[in-house]
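Data block for input_16.cif (mmCIF, C-alpha atoms; chains and numbers go by the auth columns):
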data_target
loop_
_atom_site.group_PDB
_atom_site.id
_atom_site.type_symbol
_atom_site.label_atom_id
_atom_site.label_comp_id
_atom_site.label_asym_id
_atom_site.label_seq_id
_atom_site.Cartn_x
_atom_site.Cartn_y
_atom_site.Cartn_z
_atom_site.B_iso_or_equiv
_atom_site.auth_seq_id
_atom_site.auth_asym_id
ATOM 1 C CA MET A 1 -16.900 11.408 -9.519 0.00 775 A
ATOM 2 C CA PHE A 2 -18.284 11.456 -5.960 0.00 776 A
ATOM 3 C CA GLU A 3 -19.785 13.971 -3.541 0.00 777 A
ATOM 4 C CA ALA A 4 -19.880 14.588 0.212 0.00 778 A
ATOM 5 C CA VAL A 5 -17.247 12.018 1.149 0.00 779 A
ATOM 6 C CA SER A 6 -16.339 12.346 4.790 0.00 780 A
ATOM 7 C CA PHE A 7 -14.444 10.075 7.144 0.00 781 A
ATOM 8 C CA SER A 8 -12.144 10.222 10.128 0.00 782 A
ATOM 9 C CA LEU A 9 -9.229 7.984 10.884 0.00 783 A
ATOM 10 C CA ASN A 10 -7.733 7.418 14.311 0.00 784 A
ATOM 11 C CA ILE A 11 -4.406 5.897 15.265 0.00 785 A
ATOM 12 C CA GLY A 12 -4.427 2.207 14.380 0.00 786 A
ATOM 13 C CA ASP A 13 -7.594 2.392 12.243 0.00 787 A
ATOM 14 C CA ILE A 14 -8.023 0.399 9.063 0.00 788 A
ATOM 15 C CA LEU A 15 -10.491 1.867 6.557 0.00 789 A
ATOM 16 C CA GLN A 16 -11.729 -0.090 3.546 0.00 790 A
ATOM 17 C CA VAL A 17 -13.053 2.015 0.668 0.00 791 A
ATOM 18 C CA CYS A 18 -15.741 -0.030 -1.094 0.00 792 A
ATOM 19 C CA GLY A 19 -17.948 0.468 -4.104 0.00 793 A
ATOM 20 C CA PRO A 20 -18.698 -0.781 -7.579 0.00 794 A
ATOM 21 C CA ASN A 21 -16.366 -0.262 -10.523 0.00 795 A
ATOM 22 C CA GLY A 22 -16.364 3.387 -11.532 0.00 796 A
ATOM 23 C CA SER A 23 -17.499 4.675 -8.123 0.00 797 A
ATOM 24 C CA GLY A 24 -14.272 6.627 -7.590 0.00 798 A
ATOM 25 C CA LYS A 25 -12.199 4.405 -5.297 0.00 799 A
ATOM 26 C CA THR A 26 -8.969 4.883 -7.262 0.00 800 A
ATOM 27 C CA THR A 27 -9.696 8.583 -7.749 0.00 801 A
ATOM 28 C CA LEU A 28 -10.120 8.992 -3.998 0.00 802 A
ATOM 29 C CA MET A 29 -6.877 7.104 -3.277 0.00 803 A
ATOM 30 C CA ARG A 30 -4.951 9.218 -5.772 0.00 804 A
ATOM 31 C CA THR A 31 -6.490 12.410 -4.404 0.00 805 A
ATOM 32 C CA LEU A 32 -5.497 11.472 -0.855 0.00 806 A
ATOM 33 C CA VAL A 33 -1.830 11.181 -1.842 0.00 807 A
ATOM 34 C CA GLY A 34 -1.839 14.344 -3.954 0.00 808 A
ATOM 35 C CA LEU A 35 -1.827 12.821 -7.441 0.00 809 A
ATOM 36 C CA TYR A 36 -5.139 14.522 -8.259 0.00 810 A
ATOM 37 C CA LYS A 37 -5.472 18.189 -7.402 0.00 811 A
ATOM 38 C CA ASN A 38 -8.801 19.067 -9.013 0.00 812 A
ATOM 39 C CA TYR A 39 -11.210 18.681 -6.105 0.00 813 A
ATOM 40 C CA THR A 40 -13.248 20.736 -3.656 0.00 814 A
ATOM 41 C CA GLY A 41 -12.814 20.169 0.052 0.00 815 A
ATOM 42 C CA CYS A 42 -9.880 19.513 2.309 0.00 816 A
ATOM 43 C CA PHE A 43 -7.875 16.882 4.104 0.00 817 A
ATOM 44 C CA ASP A 44 -6.834 17.631 7.627 0.00 818 A
ATOM 45 C CA TRP A 45 -3.762 15.427 7.988 0.00 819 A
ATOM 46 C CA ASP A 46 -1.584 15.533 11.068 0.00 820 A
ATOM 47 C CA LEU A 47 1.175 13.189 9.932 0.00 821 A
ATOM 48 C CA PRO A 48 4.878 13.178 10.777 0.00 822 A
ATOM 49 C CA SER A 49 5.659 11.963 7.230 0.00 823 A
ATOM 50 C CA PRO A 50 3.740 11.594 3.965 0.00 824 A
ATOM 51 C CA PRO A 51 1.575 8.499 3.506 0.00 825 A
ATOM 52 C CA LEU A 52 3.206 5.453 1.911 0.00 826 A
ATOM 53 C CA TYR A 53 1.233 4.689 -1.267 0.00 827 A
ATOM 54 C CA LEU A 54 0.606 1.537 -3.270 0.00 828 A
ATOM 55 C CA GLY A 55 -1.251 2.179 -6.505 0.00 829 A
ATOM 56 C CA HIS A 56 -3.500 -0.228 -8.367 0.00 830 A
ATOM 57 C CA ARG A 57 -0.517 -1.181 -10.533 0.00 831 A
ATOM 58 C CA PRO A 58 2.743 -2.183 -8.825 0.00 832 A
ATOM 59 C CA GLY A 59 4.543 1.066 -9.717 0.00 833 A
ATOM 60 C CA ILE A 60 7.990 -0.475 -9.842 0.00 834 A
ATOM 61 C CA ASN A 61 10.848 0.049 -12.263 0.00 835 A
ATOM 62 C CA GLU A 62 10.864 -3.127 -14.336 0.00 836 A
ATOM 63 C CA ASN A 63 14.490 -2.518 -15.371 0.00 837 A
ATOM 64 C CA LEU A 64 15.616 -2.944 -11.761 0.00 838 A
ATOM 65 C CA THR A 65 15.781 -5.990 -9.496 0.00 839 A
ATOM 66 C CA PRO A 66 13.515 -6.257 -6.435 0.00 840 A
ATOM 67 C CA ARG A 67 16.460 -5.232 -4.230 0.00 841 A
ATOM 68 C CA GLU A 68 17.205 -2.188 -6.424 0.00 842 A
ATOM 69 C CA ASN A 69 13.510 -1.194 -6.485 0.00 843 A
ATOM 70 C CA ILE A 70 13.266 -1.153 -2.699 0.00 844 A
ATOM 71 C CA LYS A 71 16.408 0.940 -2.392 0.00 845 A
ATOM 72 C CA TRP A 72 15.057 3.298 -5.098 0.00 846 A
ATOM 73 C CA VAL A 73 11.783 3.854 -3.195 0.00 847 A
ATOM 74 C CA PHE A 74 13.653 4.892 -0.072 0.00 848 A
ATOM 75 C CA GLU A 75 16.028 7.119 -2.033 0.00 849 A
ATOM 76 C CA LEU A 76 13.034 8.880 -3.615 0.00 850 A
ATOM 77 C CA ASN A 77 11.943 9.764 -0.075 0.00 851 A
ATOM 78 C CA ASN A 78 15.470 10.835 0.947 0.00 852 A
ATOM 79 C CA GLN A 79 15.681 7.934 3.368 0.00 853 A
ATOM 80 C CA HIS A 80 18.676 5.659 3.854 0.00 854 A
ATOM 81 C CA ILE A 81 18.008 1.930 4.035 0.00 855 A
ATOM 82 C CA LYS A 82 20.469 -0.756 5.084 0.00 856 A
ATOM 83 C CA ALA A 83 21.147 -3.691 2.757 0.00 857 A
ATOM 84 C CA ALA A 84 20.253 -6.099 5.571 0.00 858 A
ATOM 85 C CA ASP A 85 16.850 -4.401 5.966 0.00 859 A
ATOM 86 C CA ILE A 86 16.215 -4.704 2.228 0.00 860 A
ATOM 87 C CA ASP A 87 17.080 -8.421 2.407 0.00 861 A
ATOM 88 C CA ASP A 88 14.708 -8.817 5.357 0.00 862 A
ATOM 89 C CA ALA A 89 11.848 -7.160 3.451 0.00 863 A
ATOM 90 C CA ILE A 90 12.515 -9.355 0.422 0.00 864 A
ATOM 91 C CA ARG A 91 12.293 -12.447 2.632 0.00 865 A
ATOM 92 C CA GLN A 92 9.088 -11.171 4.277 0.00 866 A
ATOM 93 C CA VAL A 93 7.346 -10.847 0.906 0.00 867 A
ATOM 94 C CA GLY A 94 8.592 -14.256 -0.274 0.00 868 A
ATOM 95 C CA LEU A 95 11.011 -13.087 -2.965 0.00 869 A
ATOM 96 C CA ALA A 96 14.368 -14.269 -1.557 0.00 870 A
ATOM 97 C CA GLU A 97 14.942 -16.506 -4.585 0.00 871 A
ATOM 98 C CA SER A 98 14.117 -13.654 -6.997 0.00 872 A
ATOM 99 C CA ALA A 99 16.016 -10.782 -5.348 0.00 873 A
ATOM 100 C CA HIS A 100 18.540 -10.494 -8.180 0.00 874 A
ATOM 101 C CA ILE A 101 16.170 -11.071 -11.120 0.00 875 A
ATOM 102 C CA CYS A 102 15.131 -8.131 -13.272 0.00 876 A
ATOM 103 C CA CYS A 103 11.526 -7.258 -12.399 0.00 877 A
ATOM 104 C CA SER A 104 10.519 -7.419 -16.074 0.00 878 A
ATOM 105 C CA ASP A 105 10.991 -11.202 -15.764 0.00 879 A
ATOM 106 C CA LEU A 106 8.708 -11.570 -12.735 0.00 880 A
ATOM 107 C CA SER A 107 5.013 -12.456 -12.718 0.00 881 A
ATOM 108 C CA PHE A 108 2.411 -9.793 -11.898 0.00 882 A
ATOM 109 C CA GLY A 109 1.983 -11.214 -8.401 0.00 883 A
ATOM 110 C CA GLN A 110 5.737 -11.127 -7.800 0.00 884 A
ATOM 111 C CA LYS A 111 5.881 -7.516 -9.019 0.00 885 A
ATOM 112 C CA LYS A 112 3.097 -6.667 -6.574 0.00 886 A
ATOM 113 C CA ARG A 113 5.157 -8.251 -3.791 0.00 887 A
ATOM 114 C CA VAL A 114 8.128 -6.066 -4.786 0.00 888 A
ATOM 115 C CA ALA A 115 5.837 -3.043 -4.423 0.00 889 A
ATOM 116 C CA LEU A 116 4.696 -4.317 -0.995 0.00 890 A
ATOM 117 C CA ALA A 117 8.242 -4.803 0.342 0.00 891 A
ATOM 118 C CA PRO A 118 8.767 -1.128 1.357 0.00 892 A
ATOM 119 C CA PHE A 119 5.670 -1.449 3.576 0.00 893 A
ATOM 120 C CA CYS A 120 7.611 -4.016 5.633 0.00 894 A
ATOM 121 C CA LEU A 121 10.225 -1.346 6.379 0.00 895 A
ATOM 122 C CA GLY A 122 8.570 2.038 6.213 0.00 896 A
ATOM 123 C CA LYS A 123 7.892 3.998 9.355 0.00 897 A
ATOM 124 C CA ASN A 124 5.130 6.047 7.726 0.00 898 A
ATOM 125 C CA SER A 125 2.147 6.364 10.044 0.00 899 A
ATOM 126 C CA LEU A 126 -0.389 6.127 7.191 0.00 900 A
ATOM 127 C CA TRP A 127 -0.571 3.640 4.343 0.00 901 A
ATOM 128 C CA ILE A 128 -2.841 4.243 1.358 0.00 902 A
ATOM 129 C CA MET A 129 -3.288 1.170 -0.828 0.00 903 A
ATOM 130 C CA ASP A 130 -5.394 0.857 -3.964 0.00 904 A
ATOM 131 C CA GLU A 131 -6.530 -2.755 -4.464 0.00 905 A
ATOM 132 C CA PRO A 132 -3.600 -4.339 -2.584 0.00 906 A
ATOM 133 C CA PHE A 133 -5.141 -7.829 -2.820 0.00 907 A
ATOM 134 C CA SER A 134 -5.584 -7.899 -6.616 0.00 908 A
ATOM 135 C CA GLY A 135 -3.227 -10.209 -8.491 0.00 909 A
ATOM 136 C CA ILE A 136 -2.010 -11.796 -5.244 0.00 910 A
ATOM 137 C CA ASP A 137 -2.223 -15.502 -4.374 0.00 911 A
ATOM 138 C CA GLY A 138 -3.405 -16.909 -1.035 0.00 912 A
ATOM 139 C CA VAL A 139 0.037 -16.701 0.563 0.00 913 A
ATOM 140 C CA GLY A 140 0.294 -13.071 -0.554 0.00 914 A
ATOM 141 C CA ILE A 141 -3.135 -12.273 0.884 0.00 915 A
ATOM 142 C CA THR A 142 -2.026 -13.732 4.218 0.00 916 A
ATOM 143 C CA LEU A 143 1.137 -11.604 3.992 0.00 917 A
ATOM 144 C CA ILE A 144 -0.904 -8.422 3.461 0.00 918 A
ATOM 145 C CA GLU A 145 -3.267 -9.310 6.313 0.00 919 A
ATOM 146 C CA GLU A 146 -0.244 -9.763 8.602 0.00 920 A
ATOM 147 C CA LEU A 147 1.208 -6.426 7.463 0.00 921 A
ATOM 148 C CA PHE A 148 -2.154 -4.803 8.264 0.00 922 A
ATOM 149 C CA ARG A 149 -2.245 -6.425 11.725 0.00 923 A
ATOM 150 C CA LYS A 150 1.294 -5.338 12.589 0.00 924 A
ATOM 151 C CA ARG A 151 0.775 -1.783 11.293 0.00 925 A
ATOM 152 C CA SER A 152 -2.475 -1.370 13.224 0.00 926 A
ATOM 153 C CA LEU A 153 -0.961 -2.730 16.464 0.00 927 A
ATOM 154 C CA TRP A 154 2.038 -0.437 15.998 0.00 928 A
ATOM 155 C CA GLY A 155 -0.356 2.503 15.798 0.00 929 A
ATOM 156 C CA GLY A 156 -0.204 3.099 12.076 0.00 930 A
ATOM 157 C CA SER A 157 -3.377 3.621 10.062 0.00 931 A
ATOM 158 C CA ILE A 158 -4.365 2.148 6.702 0.00 932 A
ATOM 159 C CA ILE A 159 -6.775 3.231 3.985 0.00 933 A
ATOM 160 C CA PHE A 160 -7.278 0.619 1.289 0.00 934 A
ATOM 161 C CA SER A 161 -9.707 -0.122 -1.504 0.00 935 A
ATOM 162 C CA SER A 162 -10.713 -3.658 -2.313 0.00 936 A
ATOM 163 C CA HIS A 163 -13.435 -5.778 -3.833 0.00 937 A
ATOM 164 C CA GLN A 164 -12.208 -8.725 -1.749 0.00 938 A
ATOM 165 C CA ALA A 165 -13.678 -9.737 1.588 0.00 939 A
ATOM 166 C CA ILE A 166 -12.341 -7.863 4.586 0.00 940 A
ATOM 167 C CA PRO A 167 -9.191 -9.483 5.957 0.00 941 A
ATOM 168 C CA SER A 168 -10.026 -11.990 8.669 0.00 942 A
ATOM 169 C CA GLY A 169 -9.735 -11.026 12.301 0.00 943 A
ATOM 170 C CA LEU A 170 -9.157 -7.337 11.627 0.00 944 A
ATOM 171 C CA ALA A 171 -11.352 -4.501 12.851 0.00 945 A
ATOM 172 C CA VAL A 172 -12.029 -2.662 9.603 0.00 946 A
ATOM 173 C CA LYS A 173 -14.159 0.439 9.101 0.00 947 A
ATOM 174 C CA LYS A 174 -15.945 0.821 5.759 0.00 948 A
ATOM 175 C CA LEU A 175 -16.464 3.800 3.501 0.00 949 A
ATOM 176 C CA GLU A 176 -18.990 2.955 0.792 0.00 950 A
ATOM 177 C CA LEU A 177 -18.829 4.925 -2.454 0.00 951 A
ATOM 178 C CA GLN A 178 -21.811 4.787 -4.783 0.00 952 A
#
Mind converting the file's structure to structure tokens?
Amino acid sequence: MFEAVSFSLNIGDILQVCGPNGSGKTTLMRTLVGLYKNYTGCFDWDLPSPPLYLGHRPGINENLTPRENIKWVFELNNQHIKAADIDDAIRQVGLAESAHICCSDLSFGQKKRVALAPFCLGKNSLWIMDEPFSGIDGVGITLIEELFRKRSLWGGSIIFSSHQAIPSGLAVKKLELQ
């Protein structure tokens, strides 16, 4: 899919993976989080916990409510989360009115916000996000930009792919795939 990809990421860095359709952006994202194993080379991670990952699709359980999905994500990672923290994340992503609705009844953009909610709470030092801005309205884009700002200032790093313009006011490195 691609050859000789090399990059470094420091504390607080934001890296945008760019390239045309079919250039391998999603493949790279999935390889970075261990979903693809068939590659040559290595990753030299020094992370206290695994990266928090957002795939191109929301990756939520549509049979659960937003609240139940957030709790489920933390349980998958053997982490306890307080109900008040879940409620706070739901408010941050603009889903307070939909917290008890089954995700199968939500729009694509709302489902994407459910998938973003754990990023409001997670302490993971690295986020890997495949096309986080797709299917999101202007308010959602502003939300993601604010999450990026806060994570970078906190000292967390972000790798994301996107065809959208770089979020405003953020220092973003670029990795161009051909």
Which residue of A:Ser931, A:Thr805, A:Ser878, A:Asn843 approaches Ala891 in chain A most closely, using only C-alpha atoms: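 For Ala891 in chain A, the nearest of the candidates is A:Asn843.
Using only C-alpha atoms, the nearest neighbour of Leu838 in chain A within the list A:Val888, A:Asn898, A:Gly929, A:Gly808 is A:Val888.
Applied to the file shown here, the PyMOL selection byres ((chain A and resi 938) around 10) selects A:Cys792, A:Glu905, A:Pro906, A:Phe907, A:Ser908, A:Ser935, A:Ser936, A:His937, A:Ala939, A:Ile940, A:Pro941.
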d(CA of Ser782 in chain A, CA of Trp901 in chain A) in Å: 14.5 Å
Residue nearest Ala889 in chain A among A:Tyr810, A:Trp846, A:Phe934, A:Trp819 (counting only C-alpha atoms): A:Trp846
Matched chain/residue IDs from the PyMOL selection byres ((chain A and resi 876) around 9), as a PyMOL selection string: chain A and resi 836-840+872-875+877-880
Top pick for closest residue to Ser797 in chain A, considering A:Ile785, A:Val779, A:Leu821, A:Leu828 and counting all atoms listed in the file: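 Answer, going by the shortest atom-to-atom distance: A:Val779.
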Expected selection from the PyMOL selection byres ((chain A and resi 950) around 10), given as a ChimeraX atom specification: /A:779,790-794,797,799,947-949,951-952
Å distance separating CA of Asp904 in chain A from CA of Leu850 in chain A, one decimal place: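 Between these atoms lies a distance of 20.1 Å.
If you measure from each of A:Gln866, A:Gln853, A:Asn784, A:Asn795 to Leu921 in chain A using all atoms listed in the file, the closest one turns out to be A:Gln866.
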Å distance separating CA of Cys894 in chain A from CA of Ile860 in chain A, one decimal place: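 Result for CA of Cys894 in chain A versus CA of Ile860 in chain A: 9.3 Å, one decimal.
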Shell around Gly829 in chain A at 9 Å using all atoms listed in the file, local window under 3 positions removed, as a VMD selection string: chain A and resid 800 803 to 804 832 to 833 902 to 906
